[in-house]
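Q: Just one file: target_31.cif, with mmCIF, N, CA and C atoms and all ligand atoms.
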data_upload
#
loop_
_atom_site.label_atom_id
_atom_site.label_comp_id
_atom_site.auth_asym_id
_atom_site.auth_seq_id
_atom_site.Cartn_x
_atom_site.Cartn_y
_atom_site.Cartn_z
N MET A 1 42.10 10.75 -39.98
CA MET A 1 41.75 9.46 -39.40
C MET A 1 41.67 9.53 -37.89
N LYS A 2 42.55 10.34 -37.30
CA LYS A 2 42.54 10.49 -35.86
C LYS A 2 41.21 11.06 -35.38
N THR A 3 40.69 12.03 -36.08
CA THR A 3 39.40 12.64 -35.74
C THR A 3 38.28 11.61 -35.87
N GLU A 4 38.32 10.83 -36.94
CA GLU A 4 37.29 9.80 -37.13
C GLU A 4 37.32 8.77 -35.99
N ASN A 5 38.51 8.39 -35.58
CA ASN A 5 38.64 7.45 -34.47
C ASN A 5 38.07 8.02 -33.17
N ARG A 6 38.32 9.28 -32.98
CA ARG A 6 37.81 9.94 -31.77
C ARG A 6 36.28 10.00 -31.79
N ILE A 7 35.72 10.35 -32.92
CA ILE A 7 34.26 10.39 -33.07
C ILE A 7 33.68 9.00 -32.84
N ARG A 8 34.33 8.00 -33.41
CA ARG A 8 33.86 6.62 -33.25
C ARG A 8 33.90 6.19 -31.79
N ALA A 9 34.96 6.56 -31.08
CA ALA A 9 35.09 6.19 -29.66
C ALA A 9 33.99 6.84 -28.84
N ILE A 10 33.68 8.08 -29.14
CA ILE A 10 32.59 8.76 -28.41
C ILE A 10 31.26 8.09 -28.72
N ALA A 11 31.05 7.73 -29.97
CA ALA A 11 29.81 7.05 -30.35
C ALA A 11 29.67 5.71 -29.60
N GLU A 12 30.78 4.99 -29.49
CA GLU A 12 30.74 3.71 -28.77
C GLU A 12 30.49 3.92 -27.26
N ASP A 13 31.06 4.98 -26.73
CA ASP A 13 30.78 5.31 -25.33
C ASP A 13 29.31 5.61 -25.12
N LEU A 14 28.74 6.32 -26.07
CA LEU A 14 27.31 6.65 -25.96
C LEU A 14 26.45 5.39 -26.01
N VAL A 15 26.85 4.43 -26.84
CA VAL A 15 26.11 3.16 -26.90
C VAL A 15 26.24 2.42 -25.57
N GLU A 16 27.45 2.39 -25.03
CA GLU A 16 27.64 1.75 -23.73
C GLU A 16 26.78 2.41 -22.67
N HIS A 17 26.74 3.73 -22.69
CA HIS A 17 25.90 4.47 -21.75
C HIS A 17 24.41 4.12 -21.96
N SER A 18 24.03 3.94 -23.20
CA SER A 18 22.62 3.64 -23.48
C SER A 18 22.22 2.28 -22.92
N TYR A 19 23.15 1.33 -22.88
CA TYR A 19 22.84 0.03 -22.27
C TYR A 19 22.52 0.20 -20.79
N LEU A 20 23.35 0.96 -20.11
CA LEU A 20 23.12 1.21 -18.68
C LEU A 20 21.82 1.96 -18.45
N LYS A 21 21.59 2.95 -19.31
CA LYS A 21 20.37 3.75 -19.18
C LYS A 21 19.13 2.88 -19.43
N THR A 22 19.23 1.99 -20.42
CA THR A 22 18.11 1.11 -20.72
C THR A 22 17.77 0.23 -19.52
N ALA A 23 18.77 -0.35 -18.90
CA ALA A 23 18.53 -1.20 -17.74
C ALA A 23 17.91 -0.40 -16.59
N ARG A 24 18.42 0.80 -16.39
CA ARG A 24 17.87 1.65 -15.32
C ARG A 24 16.43 2.04 -15.62
N LEU A 25 16.15 2.39 -16.86
CA LEU A 25 14.79 2.80 -17.21
C LEU A 25 13.79 1.65 -17.13
N ILE A 26 14.24 0.45 -17.50
CA ILE A 26 13.35 -0.72 -17.36
C ILE A 26 13.01 -0.94 -15.89
N ALA A 27 14.01 -0.85 -15.03
CA ALA A 27 13.75 -1.02 -13.60
C ALA A 27 12.81 0.05 -13.08
N GLU A 28 13.01 1.30 -13.51
CA GLU A 28 12.13 2.39 -13.08
C GLU A 28 10.72 2.20 -13.62
N LEU A 29 10.61 1.72 -14.86
CA LEU A 29 9.30 1.48 -15.45
C LEU A 29 8.54 0.39 -14.70
N ILE A 30 9.22 -0.69 -14.35
CA ILE A 30 8.58 -1.76 -13.57
C ILE A 30 8.11 -1.23 -12.22
N GLU A 31 8.96 -0.43 -11.59
CA GLU A 31 8.60 0.17 -10.30
C GLU A 31 7.39 1.09 -10.45
N ALA A 32 7.38 1.88 -11.51
CA ALA A 32 6.26 2.80 -11.75
C ALA A 32 4.97 2.03 -12.02
N GLN A 33 5.07 0.94 -12.78
CA GLN A 33 3.88 0.14 -13.06
C GLN A 33 3.32 -0.48 -11.77
N GLN A 34 4.22 -0.93 -10.89
CA GLN A 34 3.77 -1.48 -9.61
C GLN A 34 3.10 -0.40 -8.77
N ARG A 35 3.65 0.81 -8.81
CA ARG A 35 3.05 1.92 -8.06
C ARG A 35 1.68 2.27 -8.64
N VAL A 36 1.54 2.25 -9.96
CA VAL A 36 0.23 2.52 -10.59
C VAL A 36 -0.78 1.48 -10.15
N GLU A 37 -0.37 0.22 -10.13
CA GLU A 37 -1.29 -0.84 -9.69
C GLU A 37 -1.69 -0.63 -8.23
N GLN A 38 -0.73 -0.25 -7.40
CA GLN A 38 -1.02 -0.01 -5.99
C GLN A 38 -1.99 1.16 -5.83
N LEU A 39 -1.73 2.26 -6.56
CA LEU A 39 -2.61 3.43 -6.46
C LEU A 39 -4.00 3.12 -7.00
N THR A 40 -4.08 2.33 -8.06
CA THR A 40 -5.37 1.95 -8.62
C THR A 40 -6.18 1.15 -7.61
N ALA A 41 -5.53 0.23 -6.93
CA ALA A 41 -6.22 -0.57 -5.90
C ALA A 41 -6.66 0.31 -4.73
N GLU A 42 -5.78 1.24 -4.31
CA GLU A 42 -6.14 2.14 -3.22
C GLU A 42 -7.29 3.06 -3.61
N LEU A 43 -7.27 3.52 -4.86
CA LEU A 43 -8.35 4.38 -5.34
C LEU A 43 -9.68 3.63 -5.36
N ALA A 44 -9.65 2.40 -5.83
CA ALA A 44 -10.88 1.59 -5.87
C ALA A 44 -11.41 1.38 -4.45
N ALA A 45 -10.52 1.10 -3.52
CA ALA A 45 -10.94 0.90 -2.12
C ALA A 45 -11.50 2.19 -1.54
N ALA A 46 -10.85 3.31 -1.85
CA ALA A 46 -11.33 4.60 -1.33
C ALA A 46 -12.72 4.93 -1.87
N LYS A 47 -12.95 4.61 -3.14
CA LYS A 47 -14.26 4.88 -3.73
C LYS A 47 -15.34 4.01 -3.11
N LEU A 48 -14.97 2.82 -2.66
CA LEU A 48 -15.94 1.91 -2.06
C LEU A 48 -16.24 2.23 -0.59
N ALA A 49 -15.40 3.05 0.03
CA ALA A 49 -15.54 3.30 1.47
C ALA A 49 -16.93 3.77 1.89
N PRO A 50 -17.54 4.75 1.22
CA PRO A 50 -18.87 5.19 1.65
C PRO A 50 -19.91 4.07 1.58
N LYS A 51 -19.85 3.25 0.54
CA LYS A 51 -20.79 2.14 0.43
C LYS A 51 -20.54 1.11 1.53
N ARG A 52 -19.28 0.86 1.83
CA ARG A 52 -18.95 -0.10 2.89
C ARG A 52 -19.45 0.40 4.25
N LEU A 53 -19.43 1.71 4.43
CA LEU A 53 -19.91 2.26 5.71
C LEU A 53 -21.40 1.96 5.89
N THR A 54 -22.17 2.01 4.82
CA THR A 54 -23.61 1.75 4.95
C THR A 54 -23.86 0.31 5.38
N ASN A 55 -22.97 -0.60 5.04
CA ASN A 55 -23.14 -2.01 5.42
C ASN A 55 -22.33 -2.41 6.66
N PHE A 56 -21.52 -1.49 7.16
CA PHE A 56 -20.62 -1.82 8.26
C PHE A 56 -21.40 -2.02 9.55
N GLN A 57 -21.10 -3.11 10.24
CA GLN A 57 -21.70 -3.41 11.54
C GLN A 57 -20.62 -3.27 12.60
N THR A 58 -20.93 -2.56 13.67
CA THR A 58 -19.93 -2.41 14.74
C THR A 58 -19.78 -3.70 15.54
N ARG A 59 -20.84 -4.52 15.52
CA ARG A 59 -20.76 -5.84 16.18
C ARG A 59 -21.31 -6.88 15.22
N HIS A 60 -20.69 -8.06 15.28
CA HIS A 60 -21.15 -9.19 14.48
C HIS A 60 -20.97 -10.44 15.33
N ASN A 61 -22.07 -11.18 15.51
CA ASN A 61 -22.06 -12.37 16.37
C ASN A 61 -21.47 -12.06 17.75
N GLY A 62 -21.79 -10.87 18.25
CA GLY A 62 -21.34 -10.48 19.58
C GLY A 62 -19.95 -9.89 19.64
N ASP A 63 -19.19 -9.98 18.57
CA ASP A 63 -17.82 -9.45 18.56
C ASP A 63 -17.79 -8.04 17.95
N TYR A 64 -17.03 -7.14 18.57
CA TYR A 64 -16.81 -5.84 17.95
C TYR A 64 -16.02 -6.04 16.65
N GLN A 65 -16.32 -5.21 15.66
CA GLN A 65 -15.71 -5.36 14.34
C GLN A 65 -14.69 -4.25 14.07
N CYS A 66 -13.65 -4.60 13.39
CA CYS A 66 -12.58 -3.66 13.06
C CYS A 66 -13.05 -2.68 11.98
N PRO A 67 -13.00 -1.37 12.27
CA PRO A 67 -13.42 -0.39 11.26
C PRO A 67 -12.46 -0.33 10.07
N ARG A 68 -11.19 -0.55 10.32
CA ARG A 68 -10.23 -0.48 9.21
C ARG A 68 -10.44 -1.63 8.22
N CYS A 69 -10.60 -2.85 8.74
CA CYS A 69 -10.85 -3.98 7.85
C CYS A 69 -12.19 -3.82 7.13
N GLY A 70 -13.19 -3.32 7.87
CA GLY A 70 -14.51 -3.17 7.29
C GLY A 70 -14.58 -2.13 6.19
N ILE A 71 -13.93 -0.99 6.41
CA ILE A 71 -14.03 0.12 5.45
C ILE A 71 -12.98 0.02 4.35
N GLN A 72 -11.76 -0.28 4.71
CA GLN A 72 -10.68 -0.28 3.70
C GLN A 72 -10.60 -1.57 2.90
N ARG A 73 -10.97 -2.71 3.52
CA ARG A 73 -10.82 -3.98 2.82
C ARG A 73 -12.15 -4.66 2.54
N GLY A 74 -13.21 -4.18 3.17
CA GLY A 74 -14.53 -4.75 2.93
C GLY A 74 -14.72 -6.13 3.54
N VAL A 75 -14.01 -6.41 4.62
CA VAL A 75 -14.14 -7.70 5.29
C VAL A 75 -14.52 -7.49 6.75
N GLN A 76 -15.15 -8.51 7.31
CA GLN A 76 -15.46 -8.48 8.73
C GLN A 76 -14.29 -9.09 9.49
N ALA A 77 -13.89 -8.41 10.55
CA ALA A 77 -12.79 -8.91 11.38
C ALA A 77 -13.09 -8.55 12.83
N SER A 78 -13.02 -9.53 13.69
CA SER A 78 -13.31 -9.31 15.09
C SER A 78 -12.16 -8.61 15.80
N MET A 79 -12.55 -7.85 16.83
CA MET A 79 -11.56 -7.18 17.66
C MET A 79 -11.65 -7.77 19.07
N THR A 80 -10.52 -7.87 19.72
CA THR A 80 -10.43 -8.48 21.04
C THR A 80 -9.98 -7.42 22.05
N TYR A 81 -10.60 -7.48 23.24
CA TYR A 81 -10.19 -6.57 24.31
C TYR A 81 -8.80 -6.94 24.83
N ARG A 82 -8.02 -5.93 25.04
CA ARG A 82 -6.72 -6.09 25.69
C ARG A 82 -6.72 -5.18 26.91
N GLN A 83 -5.98 -5.57 27.91
CA GLN A 83 -5.89 -4.75 29.11
C GLN A 83 -5.19 -3.44 28.79
N GLY A 84 -5.83 -2.34 29.13
CA GLY A 84 -5.23 -1.04 28.87
C GLY A 84 -4.69 -0.41 30.13
N GLN A 85 -4.44 0.87 30.05
CA GLN A 85 -3.89 1.60 31.19
C GLN A 85 -4.77 2.80 31.52
N HIS A 86 -4.83 3.11 32.78
CA HIS A 86 -5.40 4.37 33.27
C HIS A 86 -6.74 4.72 32.61
N ARG A 87 -7.76 3.98 32.97
CA ARG A 87 -9.13 4.23 32.55
C ARG A 87 -9.38 3.99 31.05
N PHE A 88 -8.49 3.28 30.40
CA PHE A 88 -8.70 2.93 29.00
C PHE A 88 -8.43 1.44 28.81
N ASP A 89 -9.25 0.83 28.01
CA ASP A 89 -8.95 -0.52 27.52
C ASP A 89 -8.57 -0.40 26.06
N LEU A 90 -8.08 -1.48 25.56
CA LEU A 90 -7.62 -1.49 24.18
C LEU A 90 -8.40 -2.55 23.42
N LEU A 91 -8.94 -2.16 22.29
CA LEU A 91 -9.55 -3.14 21.38
C LEU A 91 -8.58 -3.32 20.23
N GLN A 92 -8.24 -4.58 19.92
CA GLN A 92 -7.27 -4.82 18.86
C GLN A 92 -7.84 -5.80 17.84
N CYS A 93 -7.65 -5.49 16.57
CA CYS A 93 -8.15 -6.34 15.49
C CYS A 93 -7.33 -7.64 15.43
N ASP A 94 -8.06 -8.75 15.36
CA ASP A 94 -7.38 -10.05 15.27
C ASP A 94 -6.77 -10.27 13.89
N THR A 95 -7.19 -9.49 12.90
CA THR A 95 -6.72 -9.70 11.52
C THR A 95 -5.59 -8.75 11.13
N CYS A 96 -5.82 -7.44 11.29
CA CYS A 96 -4.82 -6.48 10.80
C CYS A 96 -3.99 -5.84 11.91
N GLY A 97 -4.39 -6.04 13.16
CA GLY A 97 -3.62 -5.49 14.27
C GLY A 97 -4.01 -4.08 14.65
N PHE A 98 -4.95 -3.48 13.92
CA PHE A 98 -5.41 -2.13 14.26
C PHE A 98 -5.88 -2.12 15.71
N ASP A 99 -5.51 -1.08 16.45
CA ASP A 99 -5.98 -1.01 17.84
C ASP A 99 -6.53 0.38 18.12
N MET A 100 -7.42 0.40 19.12
CA MET A 100 -8.02 1.66 19.51
C MET A 100 -8.29 1.64 21.00
N ASP A 101 -8.20 2.83 21.60
CA ASP A 101 -8.49 2.99 23.02
C ASP A 101 -9.99 3.05 23.22
N VAL A 102 -10.45 2.46 24.31
CA VAL A 102 -11.85 2.56 24.69
C VAL A 102 -11.88 2.96 26.15
N GLN A 103 -12.52 4.09 26.43
CA GLN A 103 -12.59 4.58 27.82
C GLN A 103 -13.62 3.77 28.58
N TYR A 104 -13.29 3.40 29.82
CA TYR A 104 -14.26 2.70 30.65
C TYR A 104 -14.57 3.48 31.90
ZN ZN B 201 -8.58 -5.01 11.10
#
How would this structure read if it were set down as structure tokens?

A:
Amino acid sequence: MKTENRIRAIAEDLVEHSYLKTARLIAELIEAQQRVEQLTAELAAAKLAPKRLTNFQTRHNGDYQCPRCGIQRGVQASMTYRQGQHRFDLLQCDTCGFDMDVQY
């Protein structure tokens, strides 16, 4: 009987462990599914990049356009000049914050 009790106790411990493992695996699975959705969206955007480049305009209604918004997100976004340093100005996207140096 002592042996049977010991086997039963180990079996119950394993069940308790399985509850913890189940909760951990569910959390990991949700995280993995979110990562798959993120990668799928990034892949779709990457595949569209060449087509977006053919339609990309560097200026629209007189405003310089953000290359990152145009290529990665497929939207037009104006960039604004900011005062730069030492023979460079800064163009910054009003939408995503992307900035780039422009030599003057
Ligand atoms: Zn942008």

Q: For ligand ZN 201 (chain B), return the neighbouring residues as a PyMOL selection string (distance at most 6.5 Å; only N, CA and C atoms and all ligand atoms).

A: chain A and resi 66-70+77+93-98

Q: To one decimal in Å, tell me the separation between atom CA of Ile71 of chain A and atom CA of Leu53 of chain A.

A: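 Atom-to-atom, atom CA of Ile71 of chain A and atom CA of Leu53 of chain A are spaced 6.3 Å apart.
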
Q: For the helix (DSSP H, G or I) assignment from backbone DSSP, which residues of chain A qualify? Please present them as a ChimeraX atom specification.

A: /A:2-55,67-73

Q: From the set A:Glu16, A:Ala49, A:Tyr81, A:Leu43, which residue has the shortest atom-to-atom contact distance to Tyr64 of chain A, counting all atoms listed in the file?

A: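 Nearest to Tyr64 of chain A: A:Tyr81.
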
Q: Separation of atom CA of Gly62 of chain A and atom CA of Asp101 of chain A, in Å?

A: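 The value is 18.9 Å.
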
Q: Choose the residue, out of A:Gln72, A:Thr22, A:Asn61, A:Gln103, that has the smallest atom-to-atom separation from Arg87 of chain A; count only N, CA and C atoms.

A: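 Of all the options, A:Gln103 lies closest to Arg87 of chain A.
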
Q: Where does DSSP see strand (DSSP E or B) in chain A, if you list the residues as a PyMOL selection string?

A: chain A and resi 59-60+63-65+78-82+88-93+99-103

Q: So what do you get for atom N of Phe56 of chain A versus atom N of Glu42 of chain A, distance-wise?

A: 19.7 Å
